[in-house]
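Asker: PDB, C-alpha atoms, saved as target-v1.pdb, coming up:
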ATOM      1  CA  MET A   4      14.421 -61.673 -93.858  1.00  0.00           C
ATOM      2  CA  THR A   5      13.363 -60.317 -97.228  1.00  0.00           C
ATOM      3  CA  GLU A   6      14.782 -57.126 -98.521  1.00  0.00           C
ATOM      4  CA  ARG A   7      12.820 -53.897 -98.389  1.00  0.00           C
ATOM      5  CA  LYS A   8      10.395 -52.984-101.146  1.00  0.00           C
ATOM      6  CA  PRO A   9      12.170 -50.878-103.724  1.00  0.00           C
ATOM      7  CA  PRO A  10      10.773 -47.369-104.140  1.00  0.00           C
ATOM      8  CA  GLY A  11       8.544 -46.934-107.163  1.00  0.00           C
ATOM      9  CA  MET A  12       7.451 -50.598-107.262  1.00  0.00           C
ATOM     10  CA  SER A  13       3.829 -51.395-106.368  1.00  0.00           C
ATOM     11  CA  PHE A  14       3.223 -53.536-103.332  1.00  0.00           C
ATOM     12  CA  GLU A  15       1.390 -56.214-105.359  1.00  0.00           C
ATOM     13  CA  THR A  16       4.267 -56.526-107.816  1.00  0.00           C
ATOM     14  CA  TRP A  17       6.839 -56.765-105.050  1.00  0.00           C
ATOM     15  CA  VAL A  18       4.861 -59.448-103.148  1.00  0.00           C
ATOM     16  CA  GLY A  19       4.316 -61.411-106.373  1.00  0.00           C
ATOM     17  CA  GLN A  20       8.040 -61.268-107.051  1.00  0.00           C
ATOM     18  CA  GLN A  21       8.818 -62.550-103.529  1.00  0.00           C
ATOM     19  CA  ILE A  22       6.399 -65.474-103.976  1.00  0.00           C
ATOM     20  CA  ALA A  23       7.840 -66.357-107.372  1.00  0.00           C
ATOM     21  CA  GLN A  24      11.382 -66.408-105.958  1.00  0.00           C
ATOM     22  CA  ALA A  25      10.294 -68.623-103.035  1.00  0.00           C
ATOM     23  CA  MET A  26       8.600 -71.042-105.434  1.00  0.00           C
ATOM     24  CA  ALA A  27      11.748 -71.171-107.574  1.00  0.00           C
ATOM     25  CA  ARG A  28      13.827 -72.021-104.495  1.00  0.00           C
ATOM     26  CA  GLY A  29      11.311 -74.778-103.538  1.00  0.00           C
ATOM     27  CA  ASP A  30      10.303 -73.237-100.204  1.00  0.00           C
ATOM     28  CA  PHE A  31       6.684 -74.402-100.645  1.00  0.00           C
ATOM     29  CA  GLU A  32       7.404 -77.993-101.725  1.00  0.00           C
ATOM     30  CA  HIS A  33       7.395 -79.941 -98.449  1.00  0.00           C
ATOM     31  CA  LEU A  34       4.869 -78.046 -96.361  1.00  0.00           C
ATOM     32  CA  PRO A  35       2.283 -80.066 -94.399  1.00  0.00           C
ATOM     33  CA  GLY A  36      -0.942 -80.267 -96.371  1.00  0.00           C
ATOM     34  CA  ALA A  37       0.762 -79.486 -99.669  1.00  0.00           C
ATOM     35  CA  ARG A  38      -1.295 -80.435-102.735  1.00  0.00           C
ATOM     36  CA  LYS A  39      -4.368 -81.161-100.580  1.00  0.00           C
ATOM     37  CA  PRO A  40      -7.655 -79.268-100.757  1.00  0.00           C
ATOM     38  CA  LEU A  41      -8.466 -76.770 -98.024  1.00  0.00           C
ATOM     39  CA  THR A  42     -11.044 -78.056 -95.565  1.00  0.00           C
ATOM     40  CA  GLY A  43     -14.170 -76.200 -94.521  1.00  0.00           C
ATOM     41  CA  LEU A  44     -14.588 -74.141 -97.680  1.00  0.00           C
ATOM     42  CA  ASP A  45     -17.927 -75.721 -98.538  1.00  0.00           C
ATOM     43  CA  ARG A  46     -19.779 -74.445 -95.469  1.00  0.00           C
ATOM     44  CA  GLU A  47     -20.780 -70.906 -94.771  1.00  0.00           C
ATOM     45  CA  GLU A  48     -19.200 -69.571 -91.592  1.00  0.00           C
ATOM     46  CA  THR A  49     -19.994 -66.259 -89.969  1.00  0.00           C
ATOM     47  CA  ALA A  50     -17.539 -64.176 -88.005  1.00  0.00           C
ATOM     48  CA  TYR A  51     -19.333 -65.255 -84.823  1.00  0.00           C
ATOM     49  CA  ASP A  52     -18.904 -68.956 -85.724  1.00  0.00           C
ATOM     50  CA  TRP A  53     -15.212 -68.386 -86.368  1.00  0.00           C
ATOM     51  CA  ALA A  54     -14.755 -66.520 -83.070  1.00  0.00           C
ATOM     52  CA  VAL A  55     -16.522 -69.252 -81.073  1.00  0.00           C
ATOM     53  CA  ALA A  56     -14.483 -72.003 -82.749  1.00  0.00           C
ATOM     54  CA  LYS A  57     -11.246 -70.088 -82.114  1.00  0.00           C
ATOM     55  CA  ALA A  58     -12.167 -69.503 -78.444  1.00  0.00           C
ATOM     56  CA  ARG A  59     -12.902 -73.218 -77.969  1.00  0.00           C
ATOM     57  CA  ARG A  60      -9.595 -74.195 -79.587  1.00  0.00           C
ATOM     58  CA  GLU A  61      -7.774 -71.784 -77.254  1.00  0.00           C
ATOM     59  CA  GLY A  62      -9.622 -73.122 -74.203  1.00  0.00           C
ATOM     60  CA  ILE A  63     -11.480 -69.863 -73.493  1.00  0.00           C
ATOM     61  CA  ASP A  64     -14.926 -70.032 -71.903  1.00  0.00           C
ATOM     62  CA  THR A  65     -17.428 -68.902 -74.536  1.00  0.00           C
ATOM     63  CA  ALA A  66     -19.724 -67.548 -71.813  1.00  0.00           C
ATOM     64  CA  ALA A  67     -17.350 -64.586 -71.563  1.00  0.00           C
ATOM     65  CA  MET A  68     -18.375 -63.639 -75.119  1.00  0.00           C
ATOM     66  CA  LEU A  69     -22.065 -63.240 -74.234  1.00  0.00           C
ATOM     67  CA  PRO A  70     -23.674 -59.822 -73.961  1.00  0.00           C
ATOM     68  CA  PRO A  71     -24.205 -58.762 -70.320  1.00  0.00           C
ATOM     69  CA  GLY A  72     -27.942 -59.528 -70.284  1.00  0.00           C
ATOM     70  CA  LEU A  73     -27.480 -63.048 -71.622  1.00  0.00           C
ATOM     71  CA  ALA A  74     -24.528 -63.655 -69.306  1.00  0.00           C
ATOM     72  CA  LEU A  75     -26.722 -62.784 -66.313  1.00  0.00           C
ATOM     73  CA  ARG A  76     -29.513 -65.060 -67.588  1.00  0.00           C
ATOM     74  CA  ARG A  77     -27.041 -67.891 -67.961  1.00  0.00           C
ATOM     75  CA  GLU A  78     -25.730 -67.277 -64.458  1.00  0.00           C
ATOM     76  CA  ARG A  79     -29.294 -67.394 -63.093  1.00  0.00           C
ATOM     77  CA  ASP A  80     -29.809 -70.756 -64.803  1.00  0.00           C
ATOM     78  CA  GLU A  81     -26.616 -72.075 -63.170  1.00  0.00           C
ATOM     79  CA  LEU A  82     -27.484 -70.832 -59.653  1.00  0.00           C
ATOM     80  CA  PRO A  83     -29.123 -74.109 -58.468  1.00  0.00           C
ATOM     81  CA  ALA A  84     -25.993 -76.078 -59.339  1.00  0.00           C
ATOM     82  CA  ARG A  85     -23.775 -73.500 -57.631  1.00  0.00           C
ATOM     83  CA  VAL A  86     -25.777 -73.414 -54.392  1.00  0.00           C
ATOM     84  CA  ALA A  87     -25.690 -77.222 -54.136  1.00  0.00           C
ATOM     85  CA  GLY A  88     -22.049 -77.042 -53.117  1.00  0.00           C
ATOM     86  CA  LEU A  89     -22.514 -74.432 -50.400  1.00  0.00           C
ATOM     87  CA  ALA A  90     -22.395 -75.342 -46.728  1.00  0.00           C
ATOM     88  CA  THR A  91     -24.817 -72.957 -45.015  1.00  0.00           C
ATOM     89  CA  GLU A  92     -28.121 -71.253 -45.681  1.00  0.00           C
ATOM     90  CA  ALA A  93     -26.457 -67.879 -45.151  1.00  0.00           C
ATOM     91  CA  GLU A  94     -24.043 -68.598 -48.024  1.00  0.00           C
ATOM     92  CA  VAL A  95     -26.968 -69.546 -50.310  1.00  0.00           C
ATOM     93  CA  ARG A  96     -28.815 -66.338 -49.451  1.00  0.00           C
ATOM     94  CA  ALA A  97     -25.676 -64.231 -49.937  1.00  0.00           C
ATOM     95  CA  LEU A  98     -25.033 -65.731 -53.388  1.00  0.00           C
ATOM     96  CA  ALA A  99     -28.621 -65.157 -54.552  1.00  0.00           C
ATOM     97  CA  GLU A 100     -28.754 -61.623 -53.148  1.00  0.00           C
ATOM     98  CA  ASP A 101     -25.433 -60.772 -54.814  1.00  0.00           C
ATOM     99  CA  TYR A 102     -26.820 -61.976 -58.138  1.00  0.00           C
ATOM    100  CA  ASN A 103     -30.019 -59.945 -57.638  1.00  0.00           C
ATOM    101  CA  ALA A 104     -27.994 -56.809 -56.818  1.00  0.00           C
ATOM    102  CA  ARG A 105     -26.024 -57.174 -60.071  1.00  0.00           C
ATOM    103  CA  VAL A 106     -29.255 -57.645 -62.055  1.00  0.00           C
ATOM    104  CA  GLU A 107     -30.763 -54.516 -60.510  1.00  0.00           C
ATOM    105  CA  ALA A 108     -27.585 -52.584 -61.388  1.00  0.00           C
ATOM    106  CA  PHE A 109     -27.906 -53.885 -64.962  1.00  0.00           C
ATOM    107  CA  TRP A 110     -31.506 -52.687 -65.130  1.00  0.00           C
ATOM    108  CA  ARG A 111     -30.379 -49.144 -64.288  1.00  0.00           C
ATOM    109  CA  LEU A 112     -27.913 -49.008 -67.201  1.00  0.00           C
ATOM    110  CA  PRO A 113     -28.978 -47.753 -70.640  1.00  0.00           C
ATOM    111  CA  GLN A 114     -29.320 -50.676 -73.040  1.00  0.00           C
ATOM    112  CA  GLU A 115     -27.686 -51.027 -76.451  1.00  0.00           C
ATOM    113  CA  SER A 116     -31.016 -51.673 -78.136  1.00  0.00           C
ATOM    114  CA  ARG A 117     -34.583 -52.270 -77.137  1.00  0.00           C
ATOM    115  CA  TRP A 118     -34.189 -55.947 -78.084  1.00  0.00           C
ATOM    116  CA  SER A 119     -31.398 -56.518 -75.566  1.00  0.00           C
ATOM    117  CA  PRO A 120     -32.197 -59.468 -73.299  1.00  0.00           C
ATOM    118  CA  VAL A 121     -33.349 -58.452 -69.839  1.00  0.00           C
ATOM    119  CA  PRO A 122     -32.438 -60.900 -67.074  1.00  0.00           C
ATOM    120  CA  GLY A 123     -34.812 -61.623 -64.233  1.00  0.00           C
ATOM    121  CA  LEU A 124     -34.196 -61.804 -60.531  1.00  0.00           C
ATOM    122  CA  ALA A 125     -33.474 -65.057 -58.742  1.00  0.00           C
ATOM    123  CA  ASP A 126     -36.077 -66.196 -56.215  1.00  0.00           C
ATOM    124  CA  VAL A 127     -34.049 -66.424 -53.025  1.00  0.00           C
ATOM    125  CA  GLU A 128     -36.641 -68.443 -51.089  1.00  0.00           C
ATOM    126  CA  VAL A 129     -36.983 -71.043 -53.871  1.00  0.00           C
ATOM    127  CA  LEU A 130     -33.188 -71.452 -54.012  1.00  0.00           C
ATOM    128  CA  VAL A 131     -32.967 -71.833 -50.242  1.00  0.00           C
ATOM    129  CA  GLY A 132     -35.859 -74.326 -50.233  1.00  0.00           C
ATOM    130  CA  ALA A 133     -34.251 -76.419 -52.974  1.00  0.00           C
ATOM    131  CA  TRP A 134     -30.938 -76.284 -51.150  1.00  0.00           C
ATOM    132  CA  LEU A 135     -32.576 -77.443 -47.909  1.00  0.00           C
ATOM    133  CA  ALA A 136     -34.416 -80.265 -49.700  1.00  0.00           C
ATOM    134  CA  HIS A 137     -31.363 -81.610 -51.512  1.00  0.00           C
ATOM    135  CA  ARG A 138     -28.587 -81.203 -49.000  1.00  0.00           C
ATOM    136  CA  PRO A 139     -27.355 -84.332 -47.260  1.00  0.00           C
ATOM    137  CA  PRO A 140     -28.528 -84.826 -43.682  1.00  0.00           C
ATOM    138  CA  GLU A 141     -26.154 -83.631 -41.036  1.00  0.00           C
ATOM    139  CA  PRO A 142     -24.151 -86.444 -39.509  1.00  0.00           C
ATOM    140  CA  PRO A 143     -25.055 -87.303 -35.922  1.00  0.00           C
ATOM    141  CA  PRO A 144     -22.728 -85.809 -33.371  1.00  0.00           C
ATOM    142  CA  ALA A 145     -19.804 -87.994 -32.462  1.00  0.00           C
ATOM    143  CA  PRO A 146     -20.133 -89.751 -29.130  1.00  0.00           C
ATOM    144  CA  ARG A 147     -18.431 -87.882 -26.390  1.00  0.00           C
ATOM    145  CA  VAL A 148     -15.414 -89.671 -25.056  1.00  0.00           C
ATOM    146  CA  GLU A 149     -14.343 -88.956 -21.517  1.00  0.00           C
ATOM    147  CA  ALA A 150     -10.739 -87.976 -21.376  1.00  0.00           C
ATOM    148  CA  VAL A 151      -8.782 -90.153 -19.009  1.00  0.00           C
ATOM    149  CA  PRO A 152      -6.371 -88.052 -16.992  1.00  0.00           C
ATOM    150  CA  PRO A 153      -2.782 -89.120 -17.475  1.00  0.00           C
ATOM    151  CA  ARG A 154      -1.205 -91.138 -14.702  1.00  0.00           C
ATOM    152  CA  ARG A 155       1.041 -89.196 -12.497  1.00  0.00           C
ATOM    153  CA  ARG A 156       4.603 -90.341 -12.512  1.00  0.00           C
ATOM    154  CA  PHE A 157       6.762 -90.106  -9.534  1.00  0.00           C
ATOM    155  CA  ARG A 158      10.400 -89.368  -9.885  1.00  0.00           C
ATOM    156  CA  VAL A 159      12.852 -91.163  -7.767  1.00  0.00           C
ATOM    157  CA  ARG A 160      15.569 -88.941  -6.481  1.00  0.00           C
ATOM    158  CA  TRP A 161      18.826 -90.503  -5.604  1.00  0.00           C
ATOM    159  CA  ARG A 162      20.643 -88.805  -2.848  1.00  0.00           C
ATOM    160  CA  ARG A 163      24.164 -89.385  -1.898  1.00  0.00           C
ATOM    161  CA  ARG A 164      24.603 -90.495   1.601  1.00  0.00           C
ATOM    162  CA  SER A 165      27.308 -89.030   3.564  1.00  0.00           C
ATOM    163  CA  HIS A 166      29.069 -91.387   6.087  1.00  0.00           C
TER     164      HIS A 166
END
Go through the file and emit its structure as structure tokens.
Answerer:
Amino acid sequence: MTERKPPGMSFETWVGQQIAQAMARGDFEHLPGARKPLTGLDREETAYDWAVAKARREGIDTAAMLPPGLALRRERDELPARVAGLATEAEVRALAEDYNARVEAFWRLPQESRWSPVPGLADVEVLVGAWLAHRPPEPPPAPRVEAVPPRRRFRVRWRRRSH
């Protein structure tokens, strides 16, 4: 660890002195990427671009970075794919009605600006109709097999005879 900054010395001077000492010791000689140009300096990158790239490198879903109105719109666009995996019509209706309830709650909140995106409601009947049209047919019921009662076994009891 480096020593503490001496009182009376400016921060810039002290940092410059630390860098000069490290260079004299050769601490910067064998670093990866030494004597190579920095990449990505030629393109203009906004703070948003940097944040999205960082989130992708870290494996974070970038949908979590969307404003609430856009996140709800995106969720509405993904509803048909989500309902395809559901098993019953009641589950499809529940998912769509839950989404609609969250949109209505969003509508009641004050918005950050008048240009904030406003999500629309999901059409429950259209989702249910698409789900009914694209779901696989139900398999025919399995043939009923009569259960054969087990055979009754008789036990043989050995008795001792007395003579």
Asker: With the PyMOL selection byres ((chain A and resi 71-73) around 10) as the selection, what would be picked from this file? Answer as a ChimeraX atom specification, please.
Answerer: /A:66-70,74-79,106,109-110,114,119-123
Asker: Can you pull out the residues contacting A:Leu82? Cut-off 12 Å, using all atoms listed in the file, and skip same-chain residues under 2 positions away; I want them as a PyMOL selection string.
Answerer: chain A and resi 75-80+84-89+95-103+124-127+129-131+133-134
Asker: Need the neighbours of (-25.5, -81.4, -45.2): which residues are at most 12 Å away, counting all atoms listed in the file, as a list in words?
Answerer: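 Collected hits near the coordinates: Ala87, Gly88, Leu89, Ala90, Thr91, Glu92, Trp134, Leu135, Ala136, His137, Arg138, Pro139, Pro140, Glu141, Pro142 and Pro143 of chain A.
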Asker: Figure out the distance between atom CA of A:Pro83 and atom CA of A:Gly132, please, to one decimal in Å.
Answerer: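 Between atom CA of A:Gly132 and atom CA of A:Pro83 the gap works out to 10.6 Å.
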Asker: Between atom CA of A:Gly29 and atom CA of A:Pro10, what distance in Å does the model show, to one decimal?
Answerer: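 Atom CA of A:Pro10 lies at a distance of 27.4 Å from atom CA of A:Gly29.
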Asker: Taking all atoms of stretch 42-61 of chain A that appear in the file, build a box with edges along x, y and z, extend it by 8 Å on every side, and state its centre and edge lengths in Å to one decimal, as lines of an AutoDock Vina configuration file.
Answerer:
center_x = -14.3
center_y = -71.1
center_z = -87.9
size_x = 29.0
size_y = 29.9
size_z = 37.3
Asker: So the first atom is atom CA of A:Gly43 and the second is atom CA of A:Lys57; what is the distance between them in Å, to one decimal place?
Answerer: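 These two atoms are separated by 14.1 Å.
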